[in-house]
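Visitor: My structure is stored as coords_32.tsv, with TSV, C-alpha atoms.
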chain	number	residue	atom	x	y	z
A	14	TRP	CA	-9.89	22.04	-17.29
A	15	TYR	CA	-7.45	22.25	-20.19
A	16	ARG	CA	-7.40	22.38	-23.96
A	17	TYR	CA	-4.33	22.95	-26.10
A	18	PRO	CA	-3.94	26.27	-27.96
A	19	GLY	CA	-5.89	26.19	-31.20
A	20	GLY	CA	-7.95	23.21	-30.10
A	21	ASN	CA	-11.65	23.22	-29.34
A	22	LYS	CA	-11.69	20.00	-27.34
A	23	TYR	CA	-10.90	19.82	-23.65
A	24	VAL	CA	-8.34	17.11	-22.91
A	25	ILE	CA	-8.77	17.51	-19.14
A	26	LYS	CA	-12.35	18.03	-17.96
A	27	GLY	CA	-13.26	18.81	-14.38
A	28	VAL	CA	-10.70	16.53	-12.73
A	29	THR	CA	-10.80	17.14	-8.96
A	30	PHE	CA	-8.81	15.33	-6.27
A	31	SER	CA	-6.70	16.00	-3.18
A	32	PHE	CA	-3.50	14.13	-2.37
A	33	LYS	CA	-0.96	14.93	0.33
A	34	LYS	CA	1.46	12.04	0.91
A	35	GLY	CA	2.65	8.73	-0.48
A	36	ILE	CA	2.21	7.55	-4.06
A	37	LEU	CA	-0.66	8.43	-6.36
A	38	SER	CA	-1.07	6.19	-9.40
A	39	ILE	CA	-2.64	7.99	-12.36
A	40	ALA	CA	-3.91	5.29	-14.70
A	41	GLY	CA	-5.71	5.13	-18.00
A	42	PRO	CA	-5.07	4.18	-21.63
A	43	ASN	CA	-3.08	6.30	-24.06
A	44	GLY	CA	-4.88	9.55	-24.79
A	45	SER	CA	-6.82	9.62	-21.53
A	46	GLY	CA	-5.04	12.78	-20.30
A	47	LYS	CA	-2.36	11.43	-17.94
A	48	THR	CA	0.55	13.45	-19.33
A	49	THR	CA	-1.47	16.66	-19.62
A	50	LEU	CA	-2.61	16.32	-16.01
A	51	LEU	CA	0.98	15.93	-14.78
A	52	LYS	CA	2.01	19.03	-16.73
A	53	LEU	CA	-0.86	21.00	-15.17
A	54	ILE	CA	0.12	19.90	-11.67
A	55	SER	CA	3.79	20.74	-12.28
A	56	GLY	CA	2.96	24.22	-13.55
A	57	LEU	CA	4.22	23.57	-17.07
A	58	LEU	CA	0.69	24.22	-18.34
A	59	LYS	CA	-1.86	26.72	-17.04
A	60	PRO	CA	-5.44	25.47	-16.71
A	61	VAL	CA	-8.06	27.15	-18.88
A	62	LYS	CA	-10.54	26.80	-16.03
A	63	GLY	CA	-10.14	25.69	-12.44
A	64	SER	CA	-7.08	25.81	-10.21
A	65	VAL	CA	-4.04	23.85	-9.07
A	66	ILE	CA	-3.62	24.03	-5.29
A	67	ILE	CA	-0.19	23.18	-3.89
A	68	GLU	CA	0.59	23.65	-0.20
A	69	GLU	CA	-2.74	25.46	0.18
A	70	LYS	CA	-1.80	28.00	-2.48
A	71	ASN	CA	-3.47	28.47	-5.87
A	72	LEU	CA	-0.46	28.17	-8.17
A	73	TRP	CA	-1.75	30.57	-10.81
A	74	SER	CA	-2.97	33.22	-8.37
A	75	LEU	CA	0.55	33.74	-7.04
A	76	ASP	CA	3.09	36.29	-8.21
A	77	GLU	CA	5.75	34.87	-10.49
A	78	LYS	CA	8.49	34.81	-7.84
A	79	THR	CA	6.38	32.80	-5.37
A	80	ARG	CA	5.11	30.47	-8.08
A	81	THR	CA	8.68	29.82	-9.25
A	82	ALA	CA	9.75	29.01	-5.68
A	83	ILE	CA	6.99	26.39	-5.39
A	84	ARG	CA	7.73	24.96	-8.82
A	85	ARG	CA	11.36	24.42	-7.79
A	86	GLU	CA	10.05	21.84	-5.31
A	87	ILE	CA	8.32	19.93	-8.12
A	88	ILE	CA	10.23	17.79	-10.60
A	89	TYR	CA	8.47	16.37	-13.65
A	90	VAL	CA	10.21	13.53	-15.51
A	91	HIS	CA	9.09	13.12	-19.13
A	92	GLU	CA	8.23	9.74	-20.58
A	93	LYS	CA	10.90	10.24	-23.25
A	94	PRO	CA	14.21	11.13	-21.56
A	95	VAL	CA	15.51	14.61	-22.32
A	96	LEU	CA	19.29	14.38	-21.99
A	97	PHE	CA	21.92	16.72	-23.41
A	98	LYS	CA	25.24	15.80	-25.00
A	99	GLY	CA	27.96	14.85	-22.56
A	100	THR	CA	28.32	12.28	-19.81
A	101	VAL	CA	25.74	10.78	-17.50
A	102	MET	CA	27.41	12.53	-14.55
A	103	GLU	CA	27.20	15.91	-16.28
A	104	ASN	CA	23.49	15.39	-16.94
A	105	VAL	CA	22.63	14.27	-13.42
A	106	SER	CA	24.61	17.03	-11.70
A	107	TYR	CA	23.56	19.89	-14.00
A	108	PRO	CA	20.30	20.85	-12.20
A	109	LEU	CA	22.30	21.15	-8.97
A	110	LYS	CA	24.69	23.54	-10.68
A	111	LEU	CA	21.73	25.68	-11.74
A	112	ARG	CA	20.61	25.76	-8.10
A	113	GLY	CA	23.99	26.98	-6.89
A	114	SER	CA	25.44	23.80	-5.37
A	115	GLY	CA	29.22	23.56	-5.17
A	116	LYS	CA	31.14	21.05	-7.27
A	117	GLY	CA	31.77	18.63	-4.41
A	118	GLU	CA	28.11	18.56	-3.39
A	119	ARG	CA	27.00	18.17	-7.02
A	120	LEU	CA	29.21	15.15	-7.59
A	121	ALA	CA	28.30	13.51	-4.28
A	122	ARG	CA	24.56	13.88	-4.81
A	123	ALA	CA	24.79	12.75	-8.43
A	124	ILE	CA	26.67	9.59	-7.46
A	125	GLU	CA	24.19	8.96	-4.64
A	126	ALA	CA	21.28	9.18	-7.08
A	127	LEU	CA	22.98	6.91	-9.62
A	128	LYS	CA	23.67	4.33	-6.89
A	129	LEU	CA	20.02	4.37	-5.83
A	130	LEU	CA	19.12	3.28	-9.35
A	131	GLY	CA	22.01	0.84	-9.67
A	132	ILE	CA	23.62	2.65	-12.61
A	133	GLU	CA	26.72	4.23	-11.03
A	134	ASP	CA	28.83	2.12	-13.40
A	135	ILE	CA	27.73	4.31	-16.35
A	136	ALA	CA	28.49	7.63	-14.63
A	137	HIS	CA	31.14	8.56	-17.20
A	138	GLU	CA	29.36	7.10	-20.23
A	139	LYS	CA	28.32	9.46	-23.02
A	140	THR	CA	24.55	9.84	-23.19
A	141	ARG	CA	24.55	9.06	-26.92
A	142	ASN	CA	25.67	5.52	-26.08
A	143	LEU	CA	22.86	4.74	-23.64
A	144	SER	CA	20.07	2.27	-24.23
A	145	ALA	CA	16.48	3.49	-23.88
A	146	GLY	CA	16.23	1.89	-20.45
A	147	GLN	CA	19.49	3.42	-19.25
A	148	ALA	CA	18.43	6.86	-20.50
A	149	GLN	CA	15.16	6.54	-18.61
A	150	LEU	CA	16.96	5.68	-15.38
A	151	VAL	CA	19.41	8.56	-15.86
A	152	SER	CA	16.54	11.03	-16.20
A	153	ILE	CA	15.02	9.68	-12.96
A	154	ALA	CA	18.42	9.87	-11.23
A	155	ARG	CA	18.72	13.51	-12.29
A	156	ALA	CA	15.37	14.20	-10.62
A	157	LEU	CA	16.32	12.36	-7.43
A	158	ALA	CA	19.61	14.25	-7.14
A	159	VAL	CA	17.63	17.46	-6.63
A	160	LYS	CA	15.73	15.83	-3.72
A	161	PRO	CA	12.36	17.32	-4.71
A	162	LYS	CA	9.38	17.55	-2.40
A	163	TYR	CA	7.10	16.44	-5.24
A	164	LEU	CA	8.19	13.98	-7.93
A	165	LEU	CA	6.00	13.51	-11.01
A	166	LEU	CA	6.87	10.55	-13.25
A	167	ASP	CA	5.38	9.91	-16.69
A	168	GLU	CA	5.50	6.21	-17.69
A	169	PRO	CA	8.74	5.62	-15.73
A	170	THR	CA	8.91	1.88	-16.47
A	171	SER	CA	8.10	1.92	-20.19
A	172	ASN	CA	11.65	1.07	-21.31
A	173	LEU	CA	12.71	-1.15	-18.41
A	174	ASP	CA	13.08	-4.91	-18.23
A	175	ALA	CA	11.29	-6.80	-15.46
A	176	LYS	CA	14.27	-6.77	-13.07
A	177	ARG	CA	14.90	-3.04	-13.42
A	178	GLU	CA	11.19	-2.30	-13.15
A	179	GLU	CA	10.85	-4.22	-9.90
A	180	ALA	CA	13.89	-2.44	-8.45
A	181	LEU	CA	12.50	0.96	-9.45
A	182	LEU	CA	9.09	0.26	-7.91
A	183	LYS	CA	10.77	-0.71	-4.63
A	184	LEU	CA	12.86	2.46	-4.72
A	185	LEU	CA	9.79	4.63	-5.34
A	186	ARG	CA	8.07	3.04	-2.35
A	187	ASP	CA	11.14	3.73	-0.19
A	188	ILE	CA	11.32	7.35	-1.35
A	189	ALA	CA	7.65	7.90	-0.58
A	190	GLN	CA	8.07	6.48	2.91
A	191	LYS	CA	10.80	9.06	3.52
A	192	GLY	CA	8.44	11.92	2.68
A	193	THR	CA	8.58	12.61	-1.05
A	194	VAL	CA	5.13	12.91	-2.66
A	195	LEU	CA	5.01	10.90	-5.89
A	196	LEU	CA	2.51	11.09	-8.73
A	197	VAL	CA	3.10	8.31	-11.24
A	198	ALA	CA	1.25	8.25	-14.56
A	199	SER	CA	1.30	4.82	-16.14
A	200	HIS	CA	-0.79	2.30	-18.03
A	201	GLU	CA	1.07	-0.47	-16.15
A	202	LYS	CA	-1.15	-2.07	-13.52
A	203	ARG	CA	1.93	-2.98	-11.46
A	204	ILE	CA	2.18	0.65	-10.35
A	205	LEU	CA	-1.09	0.14	-8.48
A	206	ARG	CA	0.68	-2.36	-6.18
A	207	ILE	CA	2.82	0.35	-4.61
A	208	ALA	CA	0.26	3.18	-4.68
A	209	ASP	CA	-1.61	4.67	-1.73
A	210	ARG	CA	-4.31	6.13	-3.97
A	211	ALA	CA	-5.36	5.66	-7.59
A	212	LEU	CA	-6.83	8.16	-10.03
A	213	LEU	CA	-8.34	6.61	-13.15
A	214	LEU	CA	-8.84	8.78	-16.21
A	215	LYS	CA	-11.17	8.20	-19.12
A	216	ASP	CA	-11.40	10.70	-21.98
A	217	GLY	CA	-9.93	13.45	-19.81
A	218	CYS	CA	-12.35	12.90	-16.91
A	219	ALA	CA	-11.82	11.34	-13.49
A	220	ALA	CA	-13.58	7.97	-13.62
A	221	PHE	CA	-12.41	6.87	-10.17
A	222	TYR	CA	-10.35	8.17	-7.26
A	223	GLY	CA	-9.65	6.05	-4.22
A	224	ASP	CA	-8.30	2.71	-3.02
A	225	PRO	CA	-5.88	1.21	-5.58
A	226	ASN	CA	-7.12	-2.26	-4.62
A	227	ARG	CA	-10.47	-1.36	-6.19
A	228	ALA	CA	-8.94	0.39	-9.16
A	229	GLN	CA	-8.34	-2.71	-11.29
A	230	GLN	CA	-11.93	-3.85	-10.86
A	231	VAL	CA	-13.20	-0.38	-11.74
A	232	LEU	CA	-10.96	-0.28	-14.81
A	233	ARG	CA	-12.41	-3.53	-16.07
A	234	GLU	CA	-15.93	-2.25	-15.48
A	235	ILE	CA	-15.24	1.03	-17.27
A	236	TYR	CA	-13.71	-0.64	-20.31
A	237	LYS	CA	-15.96	-3.75	-20.21
A	238	MET	CA	-13.05	-6.18	-19.99
A	239	THR	CA	-13.13	-9.84	-19.07
A	240	PRO	CA	-11.01	-11.01	-16.11
A	241	GLU	CA	-8.51	-12.53	-18.57
A	242	SER	CA	-8.02	-9.32	-20.55
A	243	PRO	CA	-4.90	-7.18	-20.02
A	244	LEU	CA	-5.84	-3.78	-18.62
A	245	PHE	CA	-4.48	-1.77	-21.54
What do you get writing this file as structure tokens?
Guide:
Amino acid sequence: WYRYPGGNKYVIKGVTFSFKKGILSIAGPNGSGKTTLLKLISGLLKPVKGSVIIEEKNLWSLDEKTRTAIRREIIYVHEKPVLFKGTVMENVSYPLKLRGSGKGERLARAIEALKLLGIEDIAHEKTRNLSAGQAQLVSIARALAVKPKYLLLDEPTSNLDAKREEALLKLLRDIAQKGTVLLVASHEKRILRIADRALLLKDGCAAFYGDPNRAQQVLREIYKMTPESPLF
């Protein structure tokens, strides 16, 4: 359960699920609680009631040192890219510098991440010159360079054209098959194609959790849509 400071309305209400591997699609219209839920799972927000269990540990019952160690395994990528002034390479390699990696390792892993996303050609571009789509891919590359155990993505395809989106979805599937746990919040139904499980939110509550193949049908039932209607 969660409500923002000063608010009297819960924006997350009794959402309960368990997910251990693969890709979880968190779907729902704007305002349904997707972003808040990701922030709760990542430890950026503390639940008002309830708990967040990661690797069989209640995140907020741990001492700060242990909680920080677990949170280092979780990377949350905002919907709106948060990049600092400088080059793409500097942005992608910076988290590795904070974690104590040497210069050679930082550069190698940054280039590897940029290549995965097909944007190595902009490695030395200033971030102020990037398009919205490029900035989004750079923020994802920065997350991949860290090689997190858990990767949380908020609307990762919102600024991408169809070709880039398809390439990213394939990459996410490949990453999941290699062991990274992905939670992807999106109103795009295409995310459901690559998901192993789907969590549907409505007004901060879990309306459905289960097989993504059933999720689209459930969404239409929840929102009383015709088969021809777009989902959101």
Visitor: Applying 9 Å and only C-alpha atoms, which residues near Arg177 in chain A remain after dropping the ones on its own chain fewer than 3 positions away? List them as an MDAnalysis selection string.
Guide: chainID A and resid 130:131 146 170 173:174 180:182
Visitor: Need to verify the contact set: range 42-58 of chain A, 9 Å, all atoms listed in the file, exclusion of same-chain residues closer than 6 positions in sequence. Can you return it as a PyMOL selection string?
Guide: chain A and resi 15+24-25+28+65-67+72-73+80+84+87-89+91-92+163+165-168+196-200+214-218+244-245
Visitor: With only C-alpha atoms as the atoms that count, which of A:Ala154, A:Arg112, A:Pro225, A:Leu184 lies nearest to Ile132 in chain A?
Guide: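 Selected residue with least distance to Ile132 in chain A: A:Ala154.
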Visitor: Counting only C-alpha atoms, I want the residues whose atoms come within 7 Å of (23.6, 10.2, -22.5) in the file frame, returned as a ChimeraX atom specification.
Guide: /A:96-101,138-143,148
Visitor: Which residue gives the smallest distance to Arg206 in chain A among A:Asn172, A:Ser144, A:Asn226, A:Gln149, with all atoms listed in the file counted?
Guide: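 When distances to Arg206 in chain A are compared using all atoms listed in the file, the smallest one comes from A:Asn226.
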Visitor: Please measure the separation of CA of Glu86 in chain A and CA of Arg210 in chain A, giving the value in Å to one decimal.
Guide: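 Pair CA of Glu86 in chain A / CA of Arg210 in chain A returns 21.3 Å.
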Visitor: In Å, with one decimal, what is the gap from CA of Lys160 in chain A to CA of Glu68 in chain A?
Guide: 17.4 Å
Visitor: Could you tell me which of A:Gln190, A:Ser106, A:Leu213, A:Ala121 comes closest to Val231 in chain A if we count only C-alpha atoms?
Guide: A:Leu213
Visitor: Between CA of Ile207 in chain A and CA of Ile188 in chain A, what is the distance, to one decimal in Å?
Guide: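 Calculated distance between CA of Ile207 in chain A and CA of Ile188 in chain A is 11.5 Å.
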Visitor: When you count all atoms listed in the file, which of these residues is closest to Tyr222 in chain A: A:Ala40, A:Gly192, A:Tyr17, A:Leu109?
Guide: A:Ala40
Visitor: Using all atoms listed in the file, which residue out of A:Lys110, A:Lys59, A:Lys22, A:Arg203 lies closest to Val159 in chain A?
Guide: A:Lys110
Visitor: Go through A:Gln147, A:Leu164, A:Gly113, A:Glu179 one by one, measure the shortest atom-to-atom distance of each to Thr193 in chain A using all atoms listed in the file, and give the residue with the smallest value.
Guide: A:Leu164
Visitor: Taking all atoms of range 123-133 of chain A that the file lists and extending 8 Å past them on each side, where is the centre of the axis-aligned box and how long are its edges? Answer in Å to one decimal, as lines of an AutoDock Vina configuration file.
Guide:
center_x = 22.9
center_y = 6.8
center_z = -8.6
size_x = 23.6
size_y = 27.9
size_z = 24.0
